[in-house]
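Dumped my_file20.csv below, it's CSV, C-alpha atoms:
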```csv
chain,number,residue,atom,x,y,z
A,1,MET,CA,114.5,-48.0,-74.7
A,2,SER,CA,114.0,-45.7,-77.7
A,3,ARG,CA,113.7,-47.1,-81.2
A,4,GLN,CA,117.2,-45.7,-82.2
A,5,ALA,CA,118.8,-47.3,-79.2
A,6,ASN,CA,117.1,-50.6,-80.0
A,7,ASN,CA,118.4,-50.3,-83.6
A,8,VAL,CA,122.0,-49.7,-82.4
A,9,SER,CA,122.0,-52.5,-80.0
A,10,GLY,CA,120.5,-54.8,-82.7
A,11,HIS,CA,123.4,-54.0,-85.0
A,12,ALA,CA,125.9,-54.5,-82.2
A,13,ARG,CA,124.4,-57.8,-81.3
A,14,VAL,CA,124.4,-59.0,-84.9
A,15,GLU,CA,128.0,-58.0,-85.3
A,16,GLN,CA,128.9,-59.8,-82.1
A,17,LEU,CA,127.2,-62.9,-83.2
A,18,LEU,CA,128.9,-62.8,-86.7
A,19,ARG,CA,132.2,-62.5,-85.0
A,20,THR,CA,131.7,-65.4,-82.8
A,21,ALA,CA,134.7,-67.8,-83.1
A,22,ASP,CA,134.0,-70.9,-85.3
A,23,ALA,CA,130.5,-69.7,-86.3
A,24,ALA,CA,131.3,-68.7,-89.8
A,25,PRO,CA,130.6,-71.5,-92.3
A,26,TRP,CA,134.1,-72.2,-93.6
A,27,ALA,CA,134.1,-74.9,-96.2
A,28,ASP,CA,137.1,-77.1,-96.8
A,29,ALA,CA,138.6,-76.6,-100.2
A,30,PRO,CA,138.4,-79.7,-102.3
A,31,ALA,CA,141.3,-82.1,-101.7
A,32,GLY,CA,144.1,-81.6,-104.2
A,33,LEU,CA,143.1,-78.1,-105.1
A,34,ARG,CA,146.4,-76.7,-103.6
A,35,GLU,CA,148.4,-79.3,-105.5
A,36,ARG,CA,146.5,-78.4,-108.7
A,37,VAL,CA,147.3,-74.8,-108.3
A,38,VAL,CA,151.0,-75.5,-107.6
A,39,ARG,CA,151.2,-77.7,-110.6
A,40,SER,CA,149.7,-75.1,-112.8
A,41,LEU,CA,152.3,-72.6,-111.6
A,42,ASP,CA,155.1,-74.9,-112.8
A,43,GLY,CA,154.2,-74.0,-116.4
A,44,VAL,CA,154.4,-70.3,-115.8
A,45,GLN,CA,157.7,-68.4,-115.9
A,46,HIS,CA,158.3,-65.7,-113.4
A,47,PRO,CA,157.5,-62.3,-115.0
A,48,VAL,CA,160.0,-60.2,-113.0
A,49,ARG,CA,163.1,-62.3,-113.5
A,50,GLY,CA,163.3,-61.4,-117.1
A,51,GLU,CA,162.1,-64.5,-118.9
A,52,SER,CA,159.3,-62.4,-120.4
A,53,TRP,CA,159.6,-60.0,-123.3
A,54,SER,CA,158.8,-56.9,-121.4
A,55,GLY,CA,161.7,-56.9,-119.0
A,56,ARG,CA,164.7,-57.8,-121.2
A,57,GLN,CA,163.8,-56.8,-124.7
A,58,ALA,CA,162.3,-53.4,-123.7
A,59,ALA,CA,165.7,-52.5,-122.1
A,60,ALA,CA,167.6,-53.6,-125.2
A,61,LEU,CA,165.2,-51.6,-127.4
A,62,ALA,CA,165.7,-48.5,-125.2
A,63,ALA,CA,169.4,-48.8,-125.5
A,64,CYS,CA,169.2,-49.1,-129.3
A,65,VAL,CA,167.0,-46.0,-129.5
A,66,ALA,CA,169.4,-44.1,-127.2
A,67,ILE,CA,172.4,-45.0,-129.3
A,68,ALA,CA,170.6,-44.1,-132.5
A,69,LEU,CA,169.5,-40.7,-131.1
A,70,GLY,CA,173.0,-40.0,-129.8
A,71,GLY,CA,174.6,-40.9,-133.1
A,72,GLY,CA,172.1,-38.9,-135.1
A,73,GLY,CA,172.6,-35.9,-132.9
A,74,LEU,CA,176.4,-36.1,-133.1
A,75,GLY,CA,176.1,-36.5,-136.9
A,76,LEU,CA,173.9,-33.5,-137.2
A,77,LEU,CA,176.3,-31.4,-135.1
A,78,ILE,CA,179.3,-32.4,-137.2
A,79,GLY,CA,177.4,-32.0,-140.5
A,80,ALA,CA,176.2,-28.5,-139.6
A,81,ALA,CA,179.7,-27.5,-138.5
A,82,ALA,CA,181.2,-28.8,-141.7
A,83,TRP,CA,178.6,-27.1,-143.7
A,84,ARG,CA,179.2,-23.7,-142.2
A,85,ASN,CA,183.0,-24.3,-141.8
A,86,VAL,CA,183.0,-23.3,-138.2
A,87,PRO,CA,185.0,-25.0,-135.4
A,88,LEU,CA,182.9,-27.1,-133.2
A,89,ARG,CA,182.7,-25.2,-130.0
A,90,GLY,CA,183.8,-27.1,-127.0
A,91,THR,CA,184.7,-30.3,-128.9
A,92,GLY,CA,188.3,-29.2,-129.7
A,93,PHE,CA,188.4,-30.1,-133.3
A,94,THR,CA,187.8,-28.3,-136.7
A,95,LEU,CA,186.6,-29.8,-139.9
A,96,ALA,CA,188.2,-28.9,-143.2
A,97,PRO,CA,186.2,-26.4,-145.3
A,98,VAL,CA,184.1,-27.6,-148.1
A,99,ALA,CA,185.2,-26.4,-151.5
A,100,PRO,CA,183.6,-26.8,-154.9
A,101,ASP,CA,185.0,-29.6,-156.9
A,102,ALA,CA,187.1,-28.0,-159.5
A,103,SER,CA,187.1,-31.0,-161.7
A,104,ALA,CA,183.3,-30.8,-162.2
A,105,PRO,CA,182.3,-29.7,-165.7
A,106,ALA,CA,181.5,-26.0,-165.9
A,107,ASP,CA,178.0,-26.5,-167.0
A,108,ALA,CA,177.1,-29.4,-164.9
A,109,PRO,CA,173.5,-29.1,-163.8
A,110,THR,CA,174.6,-29.9,-160.2
A,111,VAL,CA,173.7,-27.3,-157.6
A,112,LEU,CA,176.4,-27.1,-155.0
A,113,LEU,CA,175.5,-25.8,-151.6
A,114,ALA,CA,178.9,-24.3,-150.6
A,115,ARG,CA,180.2,-22.1,-147.9
A,116,ALA,CA,177.0,-21.8,-146.1
A,117,PHE,CA,174.2,-20.2,-148.1
A,118,ASP,CA,175.8,-16.9,-149.1
A,119,ASP,CA,176.7,-18.2,-152.6
A,120,LEU,CA,174.0,-20.6,-153.3
A,121,ARG,CA,174.0,-20.7,-157.0
A,122,PRO,CA,174.3,-23.2,-159.8
A,123,ALA,CA,177.9,-24.3,-160.0
A,124,GLY,CA,179.6,-23.0,-163.1
A,125,SER,CA,176.6,-20.8,-163.3
A,126,SER,CA,177.8,-18.2,-165.9
A,127,SER,CA,177.2,-20.4,-168.9
A,128,LEU,CA,174.1,-22.0,-167.4
A,129,MET,CA,172.6,-18.7,-166.3
A,130,SER,CA,173.3,-17.0,-169.6
A,131,ALA,CA,171.6,-19.9,-171.4
A,132,MET,CA,168.5,-19.2,-169.4
A,133,SER,CA,165.8,-16.9,-170.6
A,134,ALA,CA,165.3,-13.7,-168.6
A,135,PRO,CA,162.1,-14.8,-166.8
A,136,MET,CA,163.7,-18.1,-165.9
A,137,ARG,CA,166.8,-16.4,-164.6
A,138,SER,CA,164.8,-14.1,-162.3
A,139,GLU,CA,162.8,-17.1,-161.2
A,140,ALA,CA,165.9,-19.0,-160.3
A,141,ALA,CA,167.4,-16.1,-158.5
A,142,GLY,CA,164.2,-15.6,-156.5
A,143,LEU,CA,164.1,-19.3,-155.6
A,144,ALA,CA,167.7,-19.2,-154.5
A,145,SER,CA,167.1,-16.2,-152.4
A,146,GLU,CA,164.1,-17.8,-150.7
A,147,THR,CA,165.9,-21.0,-150.0
A,148,ARG,CA,168.8,-19.1,-148.5
A,149,LEU,CA,166.5,-17.1,-146.3
A,150,ALA,CA,164.7,-20.2,-145.1
A,151,ALA,CA,167.9,-22.1,-144.4
A,152,ARG,CA,169.4,-19.2,-142.5
A,153,THR,CA,166.2,-19.0,-140.4
A,154,VAL,CA,166.4,-22.7,-139.6
A,155,LEU,CA,170.1,-22.6,-138.8
A,156,SER,CA,169.7,-19.6,-136.6
A,157,ARG,CA,167.4,-21.6,-134.4
A,158,LEU,CA,170.0,-24.3,-133.7
A,159,PRO,CA,171.8,-23.7,-130.5
A,160,PHE,CA,175.2,-24.8,-131.7
A,161,VAL,CA,175.3,-22.7,-134.9
A,162,SER,CA,176.5,-19.1,-135.0
A,163,MET,CA,175.2,-16.9,-137.7
A,164,GLU,CA,177.8,-14.1,-137.3
B,1,MET,CA,162.3,-79.6,-92.6
B,2,ALA,CA,160.6,-77.8,-95.4
B,3,GLY,CA,157.6,-80.0,-94.9
B,4,ALA,CA,157.4,-79.0,-91.3
B,5,ALA,CA,157.6,-75.4,-92.2
B,6,ASP,CA,154.8,-75.9,-94.7
B,7,ALA,CA,152.6,-77.6,-92.2
B,8,ALA,CA,153.2,-74.8,-89.7
B,9,THR,CA,152.4,-72.2,-92.3
B,10,ALA,CA,149.3,-74.1,-93.4
B,11,ARG,CA,148.1,-74.0,-89.8
B,12,THR,CA,148.6,-70.2,-89.6
B,13,PRO,CA,145.2,-68.6,-90.0
B,14,LEU,CA,145.3,-64.9,-90.7
B,15,ALA,CA,141.6,-64.3,-90.2
B,16,PRO,CA,140.7,-64.1,-86.5
B,17,ASN,CA,137.4,-65.7,-87.1
B,18,MET,CA,138.8,-68.6,-89.1
B,19,PRO,CA,138.9,-72.0,-87.3
B,20,GLY,CA,141.9,-72.3,-85.2
B,21,ALA,CA,142.8,-68.6,-85.2
B,22,GLY,CA,145.4,-67.5,-82.7
B,23,GLU,CA,147.3,-70.7,-82.2
B,24,SER,CA,150.5,-69.3,-83.7
B,25,ARG,CA,152.8,-66.3,-83.1
B,26,ARG,CA,153.7,-67.3,-79.6
B,27,PRO,CA,156.5,-65.2,-78.1
B,28,GLY,CA,159.8,-66.9,-78.5
B,29,ALA,CA,158.5,-69.2,-81.3
B,30,LEU,CA,160.1,-69.4,-84.7
B,31,ARG,CA,159.1,-66.2,-86.5
B,32,ILE,CA,156.8,-67.0,-89.4
B,33,PRO,CA,157.0,-64.6,-92.3
B,34,THR,CA,153.9,-62.4,-92.9
B,35,ASP,CA,152.0,-62.6,-96.2
B,36,GLU,CA,153.4,-59.3,-97.3
B,37,GLU,CA,157.0,-60.5,-96.7
B,38,LEU,CA,156.3,-63.6,-98.7
B,39,ALA,CA,154.7,-61.5,-101.5
B,40,ALA,CA,157.8,-59.3,-101.6
B,41,ARG,CA,160.0,-62.4,-101.8
B,42,SER,CA,157.8,-63.7,-104.6
B,43,GLN,CA,158.4,-60.5,-106.5
B,44,GLU,CA,162.1,-61.3,-106.3
B,45,GLY,CA,161.4,-64.6,-108.1
B,46,GLU,CA,161.3,-66.8,-105.0
B,47,ARG,CA,158.9,-69.5,-106.1
B,48,GLU,CA,158.8,-71.2,-102.6
B,49,ALA,CA,157.5,-68.0,-101.0
B,50,PHE,CA,154.6,-68.0,-103.4
B,51,SER,CA,153.9,-71.7,-102.8
B,52,LEU,CA,153.6,-70.8,-99.1
B,53,LEU,CA,151.1,-68.1,-100.0
B,54,VAL,CA,149.1,-70.6,-102.0
B,55,THR,CA,149.1,-72.9,-99.0
B,56,ARG,CA,147.9,-70.2,-96.7
B,57,TYR,CA,145.3,-68.9,-99.1
B,58,THR,CA,143.8,-71.8,-101.0
B,59,ASN,CA,141.1,-72.4,-98.5
B,60,ARG,CA,140.4,-68.7,-97.8
B,61,LEU,CA,140.2,-67.7,-101.4
B,62,TYR,CA,138.0,-70.7,-102.2
B,63,ASN,CA,135.6,-69.8,-99.4
B,64,PHE,CA,135.4,-66.2,-100.7
B,65,LEU,CA,135.0,-67.1,-104.3
B,66,ARG,CA,132.4,-69.7,-103.4
B,67,ARG,CA,130.2,-66.8,-102.4
B,68,ARG,CA,130.6,-65.2,-105.8
B,69,ALA,CA,130.8,-68.1,-108.2
B,70,LEU,CA,127.9,-70.0,-109.7
B,71,SER,CA,129.0,-73.3,-108.5
B,72,ASP,CA,131.6,-75.0,-106.4
B,73,SER,CA,133.5,-76.2,-109.5
B,74,ASP,CA,133.4,-72.7,-110.8
B,75,ALA,CA,134.9,-71.5,-107.5
B,76,GLU,CA,137.6,-74.1,-107.8
B,77,ASP,CA,138.6,-73.0,-111.3
B,78,LEU,CA,138.5,-69.4,-110.2
B,79,THR,CA,140.7,-70.1,-107.3
B,80,GLN,CA,143.3,-71.7,-109.6
B,81,ASP,CA,143.0,-68.9,-112.1
B,82,THR,CA,143.4,-66.3,-109.4
B,83,PHE,CA,146.6,-67.7,-108.2
B,84,LEU,CA,147.9,-68.0,-111.7
B,85,ARG,CA,147.1,-64.4,-112.4
B,86,ALA,CA,148.6,-63.3,-109.1
B,87,TRP,CA,151.8,-65.1,-109.9
B,88,THR,CA,152.1,-63.6,-113.4
B,89,LYS,CA,151.2,-60.1,-112.0
B,90,ILE,CA,153.2,-60.3,-108.8
B,91,GLY,CA,155.3,-57.4,-110.1
B,92,THR,CA,152.3,-55.1,-109.8
B,93,TYR,CA,151.8,-55.9,-106.1
B,94,LYS,CA,152.5,-52.8,-104.1
B,95,ARG,CA,154.5,-53.5,-101.0
B,96,GLY,CA,152.8,-52.3,-97.9
B,97,MET,CA,149.4,-53.2,-99.2
B,98,ARG,CA,147.6,-56.1,-97.5
B,99,PHE,CA,148.2,-59.2,-99.6
B,100,SER,CA,144.7,-60.6,-99.0
B,101,THR,CA,143.1,-57.5,-100.4
B,102,TRP,CA,145.2,-57.7,-103.5
B,103,LEU,CA,144.5,-61.3,-104.0
B,104,TYR,CA,140.7,-61.0,-103.5
B,105,THR,CA,140.6,-58.1,-105.8
B,106,ILE,CA,142.1,-60.2,-108.6
B,107,GLY,CA,139.6,-63.0,-107.8
B,108,THR,CA,136.7,-60.6,-107.9
B,109,HIS,CA,137.8,-59.2,-111.3
B,110,LEU,CA,138.3,-62.6,-112.8
B,111,GLY,CA,134.9,-63.8,-111.5
B,112,ALA,CA,133.2,-60.7,-113.0
B,113,THR,CA,135.0,-61.2,-116.4
B,114,ARG,CA,134.1,-64.9,-116.5
B,115,ALA,CA,130.5,-64.1,-115.7
B,116,ARG,CA,130.3,-61.5,-118.4
B,117,GLY,CA,131.8,-64.0,-120.9
B,118,LYS,CA,129.2,-66.5,-120.1
B,119,ARG,CA,126.5,-63.8,-119.9
B,120,LEU,CA,125.6,-64.8,-116.5
B,121,PRO,CA,124.8,-62.8,-113.4
B,122,MET,CA,128.0,-61.5,-111.9
B,123,ALA,CA,127.8,-63.0,-108.5
B,124,GLY,CA,126.2,-66.3,-107.6
B,125,SER,CA,122.5,-66.4,-107.4
B,126,MET,CA,123.0,-69.9,-106.1
B,127,ALA,CA,121.9,-70.2,-102.5
B,128,LEU,CA,124.8,-71.8,-100.7
B,129,GLU,CA,124.2,-75.1,-99.1
B,130,PRO,CA,125.4,-75.1,-95.5
B,131,VAL,CA,128.7,-76.7,-95.6
B,132,ALA,CA,129.8,-79.1,-93.0
B,133,SER,CA,133.5,-78.8,-92.6
B,134,SER,CA,135.7,-81.6,-91.4
B,135,ASP,CA,134.6,-81.3,-87.8
B,136,GLY,CA,131.0,-80.6,-88.7
B,137,ARG,CA,131.1,-77.2,-87.3
B,138,ALA,CA,128.8,-75.4,-89.7
B,139,GLY,CA,126.1,-77.9,-89.3
B,140,ARG,CA,126.1,-77.8,-85.6
B,141,ALA,CA,123.0,-76.3,-84.0
B,142,ASP,CA,123.2,-77.4,-80.5
B,143,GLY,CA,126.4,-75.8,-79.2
B,144,PRO,CA,126.9,-72.6,-77.3
B,145,ASP,CA,127.1,-70.7,-80.6
B,146,GLU,CA,123.9,-72.1,-82.0
B,147,LEU,CA,122.4,-68.6,-82.6
B,148,ALA,CA,125.6,-67.4,-84.4
B,149,VAL,CA,125.7,-70.5,-86.6
B,150,ARG,CA,122.0,-70.0,-87.5
B,151,LEU,CA,122.6,-66.3,-88.2
B,152,TRP,CA,125.5,-67.1,-90.6
B,153,ARG,CA,123.4,-69.7,-92.3
B,154,ALA,CA,120.6,-67.1,-92.7
B,155,ALA,CA,123.1,-64.6,-94.1
B,156,GLU,CA,124.2,-67.2,-96.7
B,157,GLU,CA,120.7,-68.0,-97.7
B,158,ILE,CA,118.8,-64.7,-97.7
B,159,LEU,CA,121.3,-61.9,-98.4
B,160,PRO,CA,122.0,-60.7,-101.9
B,161,SER,CA,125.3,-61.9,-103.2
B,162,GLU,CA,127.1,-58.5,-102.9
B,163,GLN,CA,126.0,-58.1,-99.3
B,164,ARG,CA,126.9,-61.7,-98.6
B,165,SER,CA,130.5,-61.1,-99.9
B,166,ALA,CA,130.8,-57.9,-97.9
B,167,VAL,CA,129.6,-59.6,-94.7
B,168,TRP,CA,132.0,-62.5,-95.3
B,169,LEU,CA,134.9,-60.2,-95.9
B,170,ARG,CA,134.0,-58.0,-92.9
B,171,TYR,CA,133.2,-60.6,-90.2
B,172,ALA,CA,134.9,-63.8,-91.4
B,173,GLU,CA,138.0,-62.3,-93.0
B,174,ASP,CA,138.1,-59.3,-90.7
B,175,LEU,CA,138.9,-56.9,-93.6
B,176,GLY,CA,138.3,-53.1,-93.1
B,177,VAL,CA,135.7,-51.2,-95.0
B,178,ALA,CA,138.3,-49.6,-97.2
B,179,GLU,CA,139.8,-53.0,-98.1
B,180,ILE,CA,136.4,-54.4,-98.8
B,181,ALA,CA,135.6,-51.4,-101.0
B,182,ARG,CA,138.8,-52.1,-103.0
B,183,VAL,CA,138.0,-55.8,-103.4
B,184,LEU,CA,134.5,-55.3,-104.5
B,185,GLY,CA,135.2,-52.2,-106.6
B,186,LYS,CA,132.8,-50.1,-104.6
B,187,SER,CA,133.1,-46.8,-102.7
B,188,ARG,CA,133.5,-47.0,-98.9
B,189,VAL,CA,130.1,-45.4,-98.4
B,190,ASN,CA,128.6,-48.0,-100.6
B,191,VAL,CA,130.2,-50.8,-98.5
B,192,ARG,CA,129.0,-49.2,-95.3
B,193,VAL,CA,125.5,-49.0,-96.7
B,194,MET,CA,125.7,-52.7,-97.8
B,195,LEU,CA,126.8,-53.8,-94.4
B,196,PHE,CA,124.2,-51.7,-92.7
B,197,ARG,CA,121.4,-53.2,-94.8
B,198,ALA,CA,122.7,-56.7,-94.4
B,199,ARG,CA,122.7,-56.3,-90.6
B,200,ARG,CA,119.2,-54.8,-90.7
B,201,THR,CA,118.0,-57.9,-92.6
B,202,LEU,CA,119.8,-60.1,-90.1
B,203,ILE,CA,118.3,-58.3,-87.1
B,204,SER,CA,114.8,-59.2,-88.5
B,205,GLU,CA,115.9,-62.7,-89.1
B,206,LEU,CA,117.3,-62.9,-85.6
B,207,ALA,CA,114.1,-61.7,-84.1
B,208,ARG,CA,112.2,-64.3,-86.1
B,209,VAL,CA,114.5,-67.1,-85.0
B,210,GLU,CA,114.3,-66.0,-81.3
B,211,GLY,CA,110.5,-65.7,-81.6
B,212,ASN,CA,110.3,-69.2,-82.9
B,213,ARG,CA,112.6,-70.4,-80.1
B,214,LYS,CA,110.3,-68.8,-77.5
B,215,ASP,CA,107.3,-70.4,-79.1
B,216,GLY,CA,109.2,-73.7,-79.1
B,217,THR,CA,109.1,-74.1,-82.8
B,218,GLY,CA,112.7,-73.2,-83.6
```

Written as structure tokens, how would this file's structure read?
Amino acid sequence: MSRQANNVSGHARVEQLLRTADAAPWADAPAGLRERVVRSLDGVQHPVRGESWSGRQAAALAACVAIALGGGGLGLLIGAAAWRNVPLRGTGFTLAPVAPDASAPADAPTVLLARAFDDLRPAGSSSLMSAMSAPMRSEAAGLASETRLAARTVLSRLPFVSME
Amino acid sequence: MAGAADAATARTPLAPNMPGAGESRRPGALRIPTDEELAARSQEGEREAFSLLVTRYTNRLYNFLRRRALSDSDAEDLTQDTFLRAWTKIGTYKRGMRFSTWLYTIGTHLGATRARGKRLPMAGSMALEPVASSDGRAGRADGPDELAVRLWRAAEEILPSEQRSAVWLRYAEDLGVAEIARVLGKSRVNVRVMLFRARRTLISELARVEGNRKDGTG
């Protein structure tokens, strides 16, 4: 018999002997080990049934986040529509246009963003603007122009705002 | 009634080479749930199902961990910790996977973690004492399986611990190569090589034992 055949038969014989019933040296577990294990399980709550944090509180947290995101999105939608005085498409209602507060003092330093960005200027600006020096006036006009452009760009990216 | 069911389950060996294997699953007999069914029920929160698994696996897990732990008391503690971890992680058990593989994998990881914590070699360098079980089977050397018993004893004494674990899982627990690879965290090729080397060592040992018997010194 060749060496390889000898080798194969040797492996097969060892396998056969190792598989012999009752030959493996099974030890008996110490008496009481099972009871010890079962007792130790008594102190542990089942993780899937929801007694642990991960199951129950994660779901509540997810619900809170969903509500916050939904509310925030809706608020953004309504706010943008009110700002631009356009009807909310598909929602079936229109918000009242925003008008400057006539009771505000003429030279109040408040800047009112009204009627979109087309007339972004200091409210009651005639006296305020005339009080400014020429360089400051041109600076303010430039700033207003840049702000208007930036806001228009941002708004044009929003899917629910029309820039017509 | 429940006690009778427990006793029946405790007698249900799942490894074919385990003592008493094959005495259940008679046709027409009351159907005993498989380990995987019990694990699935445990996932639903059924504590009794997991207790049955503990009954089935205490001895088997202890015997496996005994080959990887540093002492018998370590193996006891590891067995308890493994069941605890299995219960707390039962949600991660994938249905369809063999439960024994999953359980032994947890035991292997826990053993490795514990050994690292103690800065000890990962698997037992302790040579296992031959254990005489309740019927004195392992110590018997005059029965028809004398050679097999001696070969197992040699495997316990001379094989490196990883090879010993692989041999135990393959021939005593009847796990497949892929399952052993998962339990031991090795590749399948690695496991095949380990088993091949273990058998080669045992072939030499077998030749030595048989030579001694011919000479009348065995």

(request) Would you please work out which residue, of B:Thr92, B:Ser161, B:Thr105, B:Ser100, is nearest to chain A when using all atoms listed in the file? (result) B:Thr92

Proximity of stretch 55-102 of chain B to stretch 12-33 of chain A: per-residue shortest pair, 7 Å limit, only C-alpha atoms, as a tab-separated table:
```
residue	atom	partner	partner_atom	distance
B:Asn59	CA	A:Ala29	CA	5.2
B:Tyr62	CA	A:Ala29	CA	6.3
B:Asn63	CA	A:Ala27	CA	6.2
```

Find the spatial neighbours of B:Lys94, counting all atoms listed in the file, within a cut-off of 12 Å - ignore same-chain residues fewer than 4 positions away - and output them as a PDB file with C-alpha atoms, keeping the file's coordinate frame.
```pdb
ATOM      1  CA  GLU B  36     153.400 -59.300 -97.300  1.00  0.00           C
ATOM      2  CA  GLU B  37     157.000 -60.500 -96.700  1.00  0.00           C
ATOM      3  CA  ALA B  39     154.700 -61.500-101.500  1.00  0.00           C
ATOM      4  CA  ALA B  40     157.800 -59.300-101.600  1.00  0.00           C
ATOM      5  CA  GLN B  43     158.400 -60.500-106.500  1.00  0.00           C
ATOM      6  CA  LYS B  89     151.200 -60.100-112.000  1.00  0.00           C
ATOM      7  CA  ILE B  90     153.200 -60.300-108.800  1.00  0.00           C
ATOM      8  CA  ARG B  98     147.600 -56.100 -97.500  1.00  0.00           C
ATOM      9  CA  PHE B  99     148.200 -59.200 -99.600  1.00  0.00           C
ATOM     10  CA  THR B 101     143.100 -57.500-100.400  1.00  0.00           C
ATOM     11  CA  TRP B 102     145.200 -57.700-103.500  1.00  0.00           C
ATOM     12  CA  LEU B 103     144.500 -61.300-104.000  1.00  0.00           C
TER      13      LEU B 103
END
```

(request) Work out how far apart atom CA of A:Gly72 and atom CA of A:Ala150 are and give it in Å to one decimal. (result)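 Going from atom CA of A:Gly72 over to atom CA of A:Ala150 covers 22.5 Å.
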
(message) Which residues are near stretch 151-158 of chain B? Cut-off 8 Å, only C-alpha atoms, ignore same chain within fewer than 2 positions. Put them as a list in words.
(response)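 Selected residues are Leu17, Leu18, Ala23, Ala24 and Pro25 of chain A; Ala127, Leu128, Pro130, Leu147, Ala148, Val149, Pro160, Arg164, Ala198, Leu202, Glu205 and Leu206 of chain B.
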
Keeping only C-alpha atoms, write those residues as an mmCIF file, in the coordinates of the input.
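Wrote it out as again.cif, contents follow:
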```cif
data_model
loop_
_atom_site.group_PDB
_atom_site.id
_atom_site.type_symbol
_atom_site.label_atom_id
_atom_site.label_comp_id
_atom_site.auth_asym_id
_atom_site.auth_seq_id
_atom_site.Cartn_x
_atom_site.Cartn_y
_atom_site.Cartn_z
ATOM 1 C CA LEU A 17 127.200 -62.900 -83.200
ATOM 2 C CA LEU A 18 128.900 -62.800 -86.700
ATOM 3 C CA ALA A 23 130.500 -69.700 -86.300
ATOM 4 C CA ALA A 24 131.300 -68.700 -89.800
ATOM 5 C CA PRO A 25 130.600 -71.500 -92.300
ATOM 6 C CA ALA B 127 121.900 -70.200 -102.500
ATOM 7 C CA LEU B 128 124.800 -71.800 -100.700
ATOM 8 C CA PRO B 130 125.400 -75.100 -95.500
ATOM 9 C CA LEU B 147 122.400 -68.600 -82.600
ATOM 10 C CA ALA B 148 125.600 -67.400 -84.400
ATOM 11 C CA VAL B 149 125.700 -70.500 -86.600
ATOM 12 C CA PRO B 160 122.000 -60.700 -101.900
ATOM 13 C CA ARG B 164 126.900 -61.700 -98.600
ATOM 14 C CA ALA B 198 122.700 -56.700 -94.400
ATOM 15 C CA LEU B 202 119.800 -60.100 -90.100
ATOM 16 C CA GLU B 205 115.900 -62.700 -89.100
ATOM 17 C CA LEU B 206 117.300 -62.900 -85.600
#
```

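If you look at atom CA of B:Val193 and atom CA of B:Gly107, they are 22.8 Å away from each other.
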
(message) One number please: atom CA of B:Arg197 to atom CA of B:Ser165, in Å, one decimal.
(response)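 Atom CA of B:Ser165 lies 13.1 Å from atom CA of B:Arg197.
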
(message) Given all atoms listed in the file as the basis, pick out the residue of A:Gly79, A:Gly142, A:Gly73, A:Gly10 nearest to chain B.
(response) A:Gly10

(request) Have a look at A:Val37, A:Leu143, A:Gly43, A:Ser9 and name the one nearest to chain B; count all atoms listed in the file. (result) A:Val37
